[in-house]
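Shown next: my_file-v6.txt, given as compact mmCIF, C-alpha atoms and all ligand atoms.
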```txt
# COMPACT_ATOMS: atom_id res chain seq x y z
CA MET B 1 66.45 -103.73 -106.41
CA ARG B 2 69.60 -103.93 -108.42
CA HIS B 3 69.69 -103.13 -112.14
CA ILE B 4 71.76 -105.66 -114.12
CA LYS B 5 72.61 -105.90 -117.82
CA ASP B 6 71.20 -109.39 -118.38
CA LYS B 7 70.45 -112.55 -116.45
CA ASP B 8 74.07 -113.74 -116.58
CA SER B 9 75.64 -110.54 -115.30
CA THR B 10 74.50 -110.62 -111.66
CA ASP B 11 77.00 -111.08 -108.86
CA ILE B 12 74.37 -111.37 -106.13
CA GLU B 13 75.18 -114.10 -103.65
CA GLY B 14 72.55 -116.37 -102.19
CA ARG B 15 70.20 -119.07 -103.42
CA PRO B 16 68.44 -118.19 -106.69
CA LEU B 17 64.69 -118.60 -106.26
CA ALA B 18 62.52 -119.89 -109.09
CA ASP B 19 58.99 -118.42 -109.34
CA ASN B 20 57.21 -121.18 -107.43
CA GLU B 21 60.09 -122.27 -105.24
CA ARG B 22 59.29 -122.30 -101.54
CA PHE B 23 61.48 -120.92 -98.78
CA ALA B 24 61.04 -121.05 -95.00
CA PHE B 25 61.02 -117.77 -93.13
CA SER B 26 59.44 -116.07 -90.16
CA CYS B 27 60.58 -113.06 -88.14
CA HIS B 28 59.22 -112.10 -84.71
CA PRO B 29 60.38 -110.51 -81.45
CA GLY B 30 60.81 -113.89 -79.73
CA LEU B 31 63.88 -114.77 -81.82
CA GLN B 32 67.34 -114.26 -80.32
CA CYS B 33 68.42 -112.40 -83.46
CA PHE B 34 65.54 -109.90 -83.18
CA ASN B 35 66.71 -106.45 -84.30
CA GLN B 36 70.24 -107.66 -85.14
CA CYS B 37 69.74 -107.17 -88.88
CA CYS B 38 68.77 -103.47 -88.66
CA ARG B 39 72.27 -102.12 -88.10
CA ASN B 40 75.47 -101.30 -89.91
CA LEU B 41 73.73 -101.48 -93.28
CA ASN B 42 74.43 -100.11 -96.73
CA LEU B 43 70.73 -99.44 -97.14
CA TYR B 44 70.00 -97.96 -100.56
CA LEU B 45 66.90 -95.81 -100.72
CA TYR B 46 64.86 -95.55 -103.90
CA PRO B 47 62.81 -92.47 -104.81
CA TYR B 48 59.52 -93.97 -103.64
CA ASP B 49 61.13 -94.92 -100.30
CA VAL B 50 61.93 -91.25 -99.73
CA VAL B 51 58.35 -90.20 -100.49
CA ARG B 52 56.98 -92.70 -97.96
CA LEU B 53 59.53 -91.90 -95.28
CA LYS B 54 59.34 -88.11 -95.48
CA ASN B 55 55.53 -88.30 -95.32
CA ARG B 56 55.71 -90.69 -92.38
CA LEU B 57 58.05 -88.34 -90.54
CA GLU B 58 55.99 -85.30 -91.61
CA ILE B 59 59.00 -83.45 -92.98
CA SER B 60 59.87 -82.22 -96.48
CA SER B 61 61.92 -84.25 -98.93
CA GLU B 62 64.83 -81.80 -98.61
CA GLU B 63 64.76 -82.13 -94.81
CA PHE B 64 64.70 -85.91 -95.12
CA ILE B 65 67.64 -86.01 -97.56
CA ASP B 66 69.66 -83.64 -95.34
CA ALA B 67 68.94 -85.33 -92.03
CA TYR B 68 68.71 -89.04 -92.86
CA THR B 69 70.84 -89.85 -95.88
CA HIS B 70 74.19 -89.59 -97.50
CA VAL B 71 74.45 -89.23 -101.23
CA VAL B 72 77.31 -90.86 -103.12
CA LEU B 73 78.39 -91.04 -106.74
CA ARG B 74 79.76 -94.53 -107.30
CA ASN B 75 82.27 -95.57 -109.95
CA GLY B 76 80.50 -96.77 -113.08
CA SER B 77 77.32 -94.76 -112.49
CA HIS B 78 76.58 -91.18 -113.48
CA PHE B 79 73.76 -90.64 -111.01
CA PRO B 80 74.19 -90.56 -107.22
CA HIS B 81 73.00 -93.31 -104.92
CA VAL B 82 71.13 -92.35 -101.75
CA LEU B 83 71.88 -94.37 -98.63
CA LEU B 84 70.14 -94.23 -95.28
CA SER B 85 72.59 -92.90 -92.66
CA MET B 86 73.05 -95.21 -89.71
CA ALA B 87 73.08 -93.72 -86.20
CA GLU B 88 76.41 -92.62 -84.77
CA ASN B 89 76.40 -95.15 -81.94
CA ALA B 90 78.49 -98.24 -81.25
CA GLY B 91 76.10 -100.57 -83.09
CA LYS B 92 75.55 -98.17 -86.02
CA THR B 93 71.86 -98.90 -85.75
CA CYS B 94 69.23 -97.85 -88.26
CA PRO B 95 67.76 -94.51 -87.12
CA PHE B 96 64.30 -96.10 -87.10
CA LEU B 97 65.18 -99.03 -84.86
CA THR B 98 63.68 -99.25 -81.37
CA THR B 99 63.78 -102.06 -78.82
CA GLU B 100 60.30 -103.03 -80.04
CA GLY B 101 61.41 -103.16 -83.68
CA CYS B 102 61.05 -100.77 -86.62
CA ARG B 103 59.23 -97.57 -85.67
CA ILE B 104 58.24 -96.77 -89.27
CA TYR B 105 57.38 -100.40 -90.14
CA SER B 106 54.40 -99.72 -92.43
CA ASP B 107 56.57 -97.28 -94.43
CA ARG B 108 59.84 -99.23 -94.32
CA PRO B 109 61.98 -99.08 -97.47
CA GLN B 110 61.69 -101.50 -100.38
CA THR B 111 64.89 -103.35 -99.43
CA CYS B 112 63.58 -104.01 -95.90
CA ARG B 113 60.28 -105.26 -97.35
CA ALA B 114 61.97 -107.66 -99.76
CA TYR B 115 64.41 -108.98 -97.11
CA PRO B 116 65.55 -111.79 -96.89
CA VAL B 117 65.04 -111.86 -100.64
CA GLU B 118 67.24 -109.66 -102.81
CA GLN B 119 65.97 -108.63 -106.21
CA ALA B 120 67.69 -107.84 -109.49
CA VAL B 121 66.06 -106.61 -112.68
CA TYR B 122 67.13 -106.55 -116.30
CA PHE B 123 65.19 -105.41 -119.33
CA LYS B 124 64.56 -107.55 -122.39
CA GLU B 125 62.66 -106.15 -125.36
CA GLY B 126 61.62 -103.23 -123.14
CA ARG B 127 60.07 -105.45 -120.46
CA PRO B 128 61.41 -105.94 -116.92
CA ARG B 129 62.62 -109.43 -115.97
CA LEU B 130 63.12 -110.05 -112.27
CA LEU B 131 65.53 -112.36 -110.53
CA HIS B 132 65.29 -113.27 -106.84
CA TYR B 133 67.88 -114.56 -104.40
CA PHE B 134 67.32 -115.88 -100.90
CA ARG B 135 70.13 -114.44 -98.79
CA PRO B 136 69.50 -113.98 -95.08
CA PRO B 137 72.67 -113.32 -93.05
CA ASP B 138 74.18 -116.27 -91.17
CA PHE B 139 72.88 -115.09 -87.78
CA CYS B 140 69.26 -114.82 -88.98
CA LYS B 141 66.97 -117.43 -87.41
CA GLY B 142 64.12 -116.68 -89.81
CA PRO B 143 64.88 -119.57 -92.20
CA GLU B 144 64.68 -122.07 -89.29
CA GLN B 145 61.01 -121.26 -88.66
CA ASP B 146 58.09 -123.26 -89.90
CA ARG B 147 56.37 -120.87 -92.31
CA PHE B 148 56.75 -121.21 -96.06
CA TRP B 149 56.53 -118.71 -98.88
CA THR B 150 57.06 -118.21 -102.57
CA VAL B 151 58.41 -114.91 -103.92
CA LYS B 152 54.85 -113.93 -104.84
CA SER B 153 53.25 -114.78 -101.49
CA TRP B 154 56.12 -113.09 -99.63
CA GLU B 155 55.70 -109.87 -101.63
CA SER B 156 51.98 -109.95 -100.95
CA GLU B 157 52.57 -110.50 -97.22
CA GLN B 158 54.98 -107.55 -97.18
CA ASP B 159 52.59 -105.27 -99.11
CA ALA B 160 55.39 -104.67 -101.60
CA GLY B 161 53.35 -104.05 -104.80
CA ILE B 162 53.71 -100.30 -105.27
CA TYR B 163 57.28 -100.39 -103.90
CA ASN B 164 58.31 -102.97 -106.50
CA GLN B 165 56.49 -101.17 -109.29
CA MET B 166 58.27 -97.88 -108.54
CA ALA B 167 61.64 -99.59 -107.93
CA ILE B 168 61.46 -101.29 -111.34
CA GLN B 169 60.75 -97.96 -113.03
CA TRP B 170 63.67 -96.40 -111.18
CA ALA B 171 65.98 -99.33 -112.01
CA GLU B 172 65.24 -98.79 -115.70
CA ILE B 173 66.37 -95.17 -115.37
CA MET B 174 69.47 -96.11 -113.37
CA GLY B 175 70.30 -98.48 -116.21
CA LEU B 176 70.39 -95.47 -118.56
CA PHE B 177 72.87 -93.75 -116.24
CA THR B 178 75.54 -96.38 -116.87
CA SER B 179 76.65 -94.09 -119.70
CA ASP B 180 77.51 -90.43 -119.09
CA PRO B 181 74.68 -88.14 -120.24
CA TRP B 182 75.98 -84.91 -118.75
CA GLY B 183 78.50 -83.75 -121.33
CA ALA B 184 80.38 -80.51 -120.57
CA GLU B 185 78.04 -79.59 -117.65
CA GLY B 186 79.25 -82.63 -115.70
CA PRO B 187 77.48 -84.45 -112.85
CA SER B 188 77.13 -81.31 -110.74
CA GLY B 189 75.63 -79.14 -113.48
CA ARG B 190 72.12 -77.70 -113.54
CA THR B 191 70.49 -80.57 -115.43
CA ALA B 192 72.04 -83.15 -113.10
CA ARG B 193 70.86 -81.23 -110.04
CA MET B 194 67.36 -80.99 -111.48
CA ALA B 195 67.35 -84.72 -112.28
CA PHE B 196 68.30 -85.47 -108.67
CA ALA B 197 65.41 -83.32 -107.47
CA ALA B 198 63.03 -85.02 -109.93
CA ALA B 199 63.89 -88.39 -108.39
CA TYR B 200 64.68 -87.69 -104.74
CA ASN B 201 63.39 -84.26 -103.79
CA VAL B 202 59.75 -84.38 -104.77
CA ASP B 203 58.83 -81.19 -102.88
CA ALA B 204 61.48 -79.13 -104.70
CA PHE B 205 60.53 -80.66 -108.04
CA ARG B 206 56.86 -79.79 -107.37
CA ARG B 207 57.83 -76.15 -106.83
CA PHE B 208 59.79 -76.18 -110.09
CA VAL B 209 56.88 -77.69 -112.04
CA LEU B 210 54.11 -75.54 -110.57
CA GLU B 211 55.93 -72.24 -110.09
CA SER B 212 58.01 -71.98 -113.28
CA SER B 213 57.07 -71.95 -116.98
CA PHE B 214 57.23 -75.79 -116.99
CA LEU B 215 53.53 -76.36 -117.71
CA SER B 216 53.55 -73.86 -120.56
CA ARG B 217 56.55 -75.59 -122.14
CA PHE B 218 55.52 -79.24 -121.63
CA LYS B 219 52.31 -81.15 -122.23
CA VAL B 220 51.57 -83.42 -119.25
CA LYS B 221 49.15 -86.35 -119.51
CA PRO B 222 45.84 -84.85 -118.23
CA ASP B 223 45.04 -87.39 -115.48
CA LEU B 224 48.58 -87.02 -114.12
CA LYS B 225 48.48 -83.21 -114.33
CA MET B 226 45.30 -83.11 -112.23
CA LYS B 227 47.09 -84.83 -109.33
CA LEU B 228 50.37 -82.91 -109.30
CA LYS B 229 49.53 -80.43 -106.54
CA LYS B 230 48.95 -82.99 -103.82
CA ASP B 231 49.97 -86.45 -104.97
CA ASP B 232 53.66 -87.27 -104.45
CA VAL B 233 53.47 -90.46 -106.50
CA ALA B 234 52.05 -88.54 -109.47
CA MET B 235 54.86 -85.99 -109.10
CA LEU B 236 57.42 -88.80 -108.95
CA ARG B 237 56.02 -90.36 -112.13
CA LEU B 238 56.34 -86.96 -113.79
CA GLY B 239 59.90 -86.68 -112.42
CA PHE B 240 60.87 -90.02 -113.96
CA ALA B 241 59.30 -88.97 -117.28
CA TRP B 242 61.16 -85.64 -117.12
CA ILE B 243 64.52 -87.36 -116.56
CA LYS B 244 63.90 -89.65 -119.53
CA LEU B 245 62.92 -86.75 -121.76
CA ALA B 246 65.28 -83.98 -120.62
CA VAL B 247 68.37 -86.09 -119.99
CA PHE B 248 68.03 -88.92 -122.53
CA GLY B 249 65.57 -87.58 -125.13
CA ILE B 250 63.15 -90.49 -124.50
CA ARG B 251 59.47 -89.62 -124.84
CA THR B 252 56.87 -91.32 -122.64
CA GLY B 253 53.10 -91.12 -122.56
CA TYR B 254 53.35 -88.81 -119.53
CA LEU B 255 55.27 -85.87 -120.94
CA SER B 256 56.11 -84.24 -124.26
CA PRO B 257 57.34 -80.81 -125.32
CA LYS B 258 54.66 -78.37 -126.50
CA LYS B 259 55.08 -77.36 -130.12
S1 LIG Q 1 67.86 -111.47 -88.32
FE1 LIG Q 1 66.20 -112.41 -89.52
S2 LIG Q 1 64.75 -113.34 -88.06
FE2 LIG Q 1 66.19 -112.02 -86.91
S3 LIG Q 1 65.07 -110.07 -86.74
FE3 LIG Q 1 66.31 -109.91 -88.59
S4 LIG Q 1 65.00 -110.66 -90.25
FE4 LIG Q 1 64.06 -111.27 -88.32
S1 LIG Q 2 63.87 -99.12 -91.78
FE1 LIG Q 2 63.03 -100.44 -90.21
S2 LIG Q 2 63.15 -102.51 -91.08
FE2 LIG Q 2 64.53 -101.21 -92.28
S3 LIG Q 2 66.54 -101.38 -91.33
FE3 LIG Q 2 65.53 -99.63 -90.38
S4 LIG Q 2 64.52 -100.43 -88.55
FE4 LIG Q 2 65.03 -102.17 -89.86
```

As a first step, turn the structure in this file into structure tokens.
Amino acid sequence: MRHIKDKDSTDIEGRPLADNERFAFSCHPGLQCFNQCCRNLNLYLYPYDVVRLKNRLEISSEEFIDAYTHVVLRNGSHFPHVLLSMAENAGKTCPFLTTEGCRIYSDRPQTCRAYPVEQAVYFKEGRPRLLHYFRPPDFCKGPEQDRFWTVKSWESEQDAGIYNQMAIQWAEIMGLFTSDPWGAEGPSGRTARMAFAAAYNVDAFRRFVLESSFLSRFKVKPDLKMKLKKDDVAMLRLGFAWIKLAVFGIRTGYLSPKK
């Protein structure tokens, strides 16, 4: 889900989809293009994707980031992007692709869930506004099939609710990172490293929260605090709130400094 400044600033190609506009699409192993789309991708991972994938693989968030991603700082942003590393084979296939399809299908990333729809979000008066574009690649036979969807029914079919909710929250934060918040410390300083952990390394951020003086220095919303030991989504919500507060000075209902 791409963060954009306003509805006129998107450069996403494809057919814009209105809320109730229908599109044809179906994907199944009988199609000649089956599995062709899961290769040679610039597949951006969002923080909630990492939580789902590391739990699916039963590894820690640091192990996942080390083994499955590369982290890049792009021009114009002051926070790194995390991309899924493709396999080092001739087809540069996704590491989760098998001849039968996606081996982590029920935990596939948000971008794979939304596909063939690409999403962009901008914020107006503090509220997210979503734009959708239908953009399957030319070789994709999905649009020639006889099943019809709207954006809403497609998202429901793909079980995308929590993914979209978390991706919107993350897009709002990435929007803040279009200006440089790091000052003299720079993008590799301590605060920047901690912000990366708060978003993408939930297990390290949990250790920081529970094993340092964090909880004596910050007041955490009680129902969130109760879940922090075991619930990765709760820890991620706290991580987002910490980035807003510690990096940008924005208070949320989740976190405030103790007096
Ligand atoms: S190219 Fe399209 S129809 Fe073919 S497998 Fe991928 S998503 Fe499905
Ligand atoms: S995660 Fe699954 S659906 Fe997404 S590109 Fe990889 S194999 Fe395909």

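Each of B:Arg22, B:His81, B:Arg108, B:His3 was compared to ligand LIG 2 (chain Q) using all atoms listed in the file, and B:Arg108 turns out to be the nearest.
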
Residues of chain B that approach ligand LIG 2 (chain Q) to 12 Å or less, counting all atoms listed in the file: could you list each one with the shortest pair of atoms and its distance in Å to one decimal, rows by chain and increasing residue number, as CSV?
```
residue,atom,partner,partner_atom,distance
B:Cys27,CA,Q:LIG2,S2,11.2
B:Phe34,CA,Q:LIG2,FE4,10.2
B:Asn35,CA,Q:LIG2,FE4,7.2
B:Gln36,CA,Q:LIG2,FE4,8.9
B:Cys37,CA,Q:LIG2,FE4,6.9
B:Cys38,CA,Q:LIG2,S3,4.1
B:Arg39,CA,Q:LIG2,S3,6.6
B:Asn40,CA,Q:LIG2,S3,9.0
B:Leu41,CA,Q:LIG2,S3,7.5
B:Asn42,CA,Q:LIG2,S3,9.6
B:Leu43,CA,Q:LIG2,S3,7.4
B:Tyr44,CA,Q:LIG2,S3,10.4
B:Leu45,CA,Q:LIG2,S1,10.0
B:Asp49,CA,Q:LIG2,S1,9.9
B:Val50,CA,Q:LIG2,S1,11.4
B:Arg52,CA,Q:LIG2,S1,11.3
B:Leu53,CA,Q:LIG2,S1,9.1
B:Arg56,CA,Q:LIG2,S1,11.7
B:Tyr68,CA,Q:LIG2,S1,11.2
B:Leu83,CA,Q:LIG2,S3,11.4
B:Leu84,CA,Q:LIG2,FE3,8.6
B:Ser85,CA,Q:LIG2,FE3,10.0
B:Met86,CA,Q:LIG2,FE3,8.7
B:Ala87,CA,Q:LIG2,FE3,10.5
B:Lys92,CA,Q:LIG2,S3,10.9
B:Thr93,CA,Q:LIG2,FE3,7.9
B:Cys94,CA,Q:LIG2,FE3,4.6
B:Pro95,CA,Q:LIG2,FE3,6.5
B:Phe96,CA,Q:LIG2,S4,4.6
B:Leu97,CA,Q:LIG2,S4,4.0
B:Thr98,CA,Q:LIG2,S4,7.3
B:Thr99,CA,Q:LIG2,S4,9.9
B:Glu100,CA,Q:LIG2,S4,9.8
B:Gly101,CA,Q:LIG2,S4,6.4
B:Cys102,CA,Q:LIG2,S4,4.0
B:Arg103,CA,Q:LIG2,FE1,6.6
B:Ile104,CA,Q:LIG2,FE1,6.1
B:Tyr105,CA,Q:LIG2,FE1,5.7
B:Ser106,CA,Q:LIG2,FE1,8.9
B:Asp107,CA,Q:LIG2,S1,8.0
B:Arg108,CA,Q:LIG2,S1,4.8
B:Pro109,CA,Q:LIG2,S1,6.0
B:Gln110,CA,Q:LIG2,FE2,8.6
B:Thr111,CA,Q:LIG2,FE2,7.5
B:Cys112,CA,Q:LIG2,FE2,4.7
B:Arg113,CA,Q:LIG2,S2,7.4
B:Ala114,CA,Q:LIG2,S2,10.2
B:Tyr115,CA,Q:LIG2,S2,8.9
B:Pro116,CA,Q:LIG2,S2,11.2
B:Gln158,CA,Q:LIG2,S2,11.4
```

Open item on the list: Using all atoms listed in the file, which protein or nucleic acid residues come within 8 Å of B:Arg15? Drop anything in the same chain fewer than 5 positions from it, and give the result as an MDAnalysis selection string.
Closed with: chainID B and resid 133:135

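Closest approach to B:Gly175 among B:Phe148, B:Phe79, B:Tyr163, B:Trp242: B:Phe79, based on only C-alpha atoms.
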
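Put simply, atom FE2 of ligand LIG 1 (chain Q) is 5.5 Å away from atom CA of B:Lys141.
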
Task: Selected residue, from B:Cys140, B:Ala198, B:Met174, B:Val209, that lies nearest to ligand LIG 1 (chain Q) when counting all atoms listed in the file - done: B:Cys140

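Comparing the minimum interatomic distances between ligand LIG 1 (chain Q) and each of B:Ile12, B:Ala192, B:Ala24, B:Met1, counting all atoms listed in the file, we find that B:Ala24 sits nearest.
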
Counting only C-alpha atoms, give me one row per residue of stretch 100-212 of chain B with an atom at most 10 Å from an atom of stretch 247-256 of chain B, showing the shortest contact pair and its distance in Å to one decimal, sorted by chain then residue number, as a Markdown table.
```
| residue | atom | partner | partner_atom | distance |
| --- | --- | --- | --- | --- |
| B:Ile173 | CA | B:Phe248 | CA | 9.6 |
| B:Leu176 | CA | B:Phe248 | CA | 8.0 |
| B:Phe177 | CA | B:Phe248 | CA | 9.3 |
| B:Pro181 | CA | B:Val247 | CA | 6.6 |
| B:Trp182 | CA | B:Val247 | CA | 7.8 |
| B:Thr191 | CA | B:Val247 | CA | 7.5 |
| B:Ala192 | CA | B:Val247 | CA | 8.3 |
| B:Met194 | CA | B:Val247 | CA | 10.0 |
| B:Ala195 | CA | B:Val247 | CA | 7.9 |
```

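Here the question is which of B:Thr178, B:Gln145, B:Asn89, B:Gln169 gets nearest to ligand LIG 1 (chain Q) using all atoms listed in the file, and that residue is B:Gln145.
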
Task: Given all atoms listed in the file as the counted atoms, nearest of B:His132, B:Pro143, B:Arg74, B:Asp232 to ligand LIG 1 (chain Q) - done: B:Pro143

Enclosing box along x, y and z for every listed atom of ligand LIG 1 (chain Q), padded 4 Å each side, centre and size in Å, one decimal, as lines of an AutoDock Vina configuration file:
```
center_x = 66.0
center_y = -111.6
center_z = -88.5
size_x = 11.8
size_y = 11.4
size_z = 11.5
```

- [ ] Name all residues at most 9 Å from B:Val51 (count only C-alpha atoms; drop same-chain ones fewer than 5 positions away) and give them as a PyMOL selection string.
- [x] chain B and resi 56+61+200-202+232-233+236

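Atom CA of B:Arg207 sits 17.1 Å away from atom CA of B:Lys219.
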
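Separating atom CA of B:Gly161 from atom CA of B:Arg127 is a distance of 17.1 Å.
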
Open item on the list: List the spatial neighbours of B:Asp6 as JSON, numbers by chain - criterion: any atom at most 8 Å away, only C-alpha atoms, same-chain residues fewer than 5 positions off excluded.
Closed with: {"B": [122, 123, 124]}

Task: Point (80.0, -90.7, -108.0), cut-off 12 Å, counting only C-alpha atoms, residues as a ChimeraX atom specification - done: /B:71-82,177-178,180,186-188
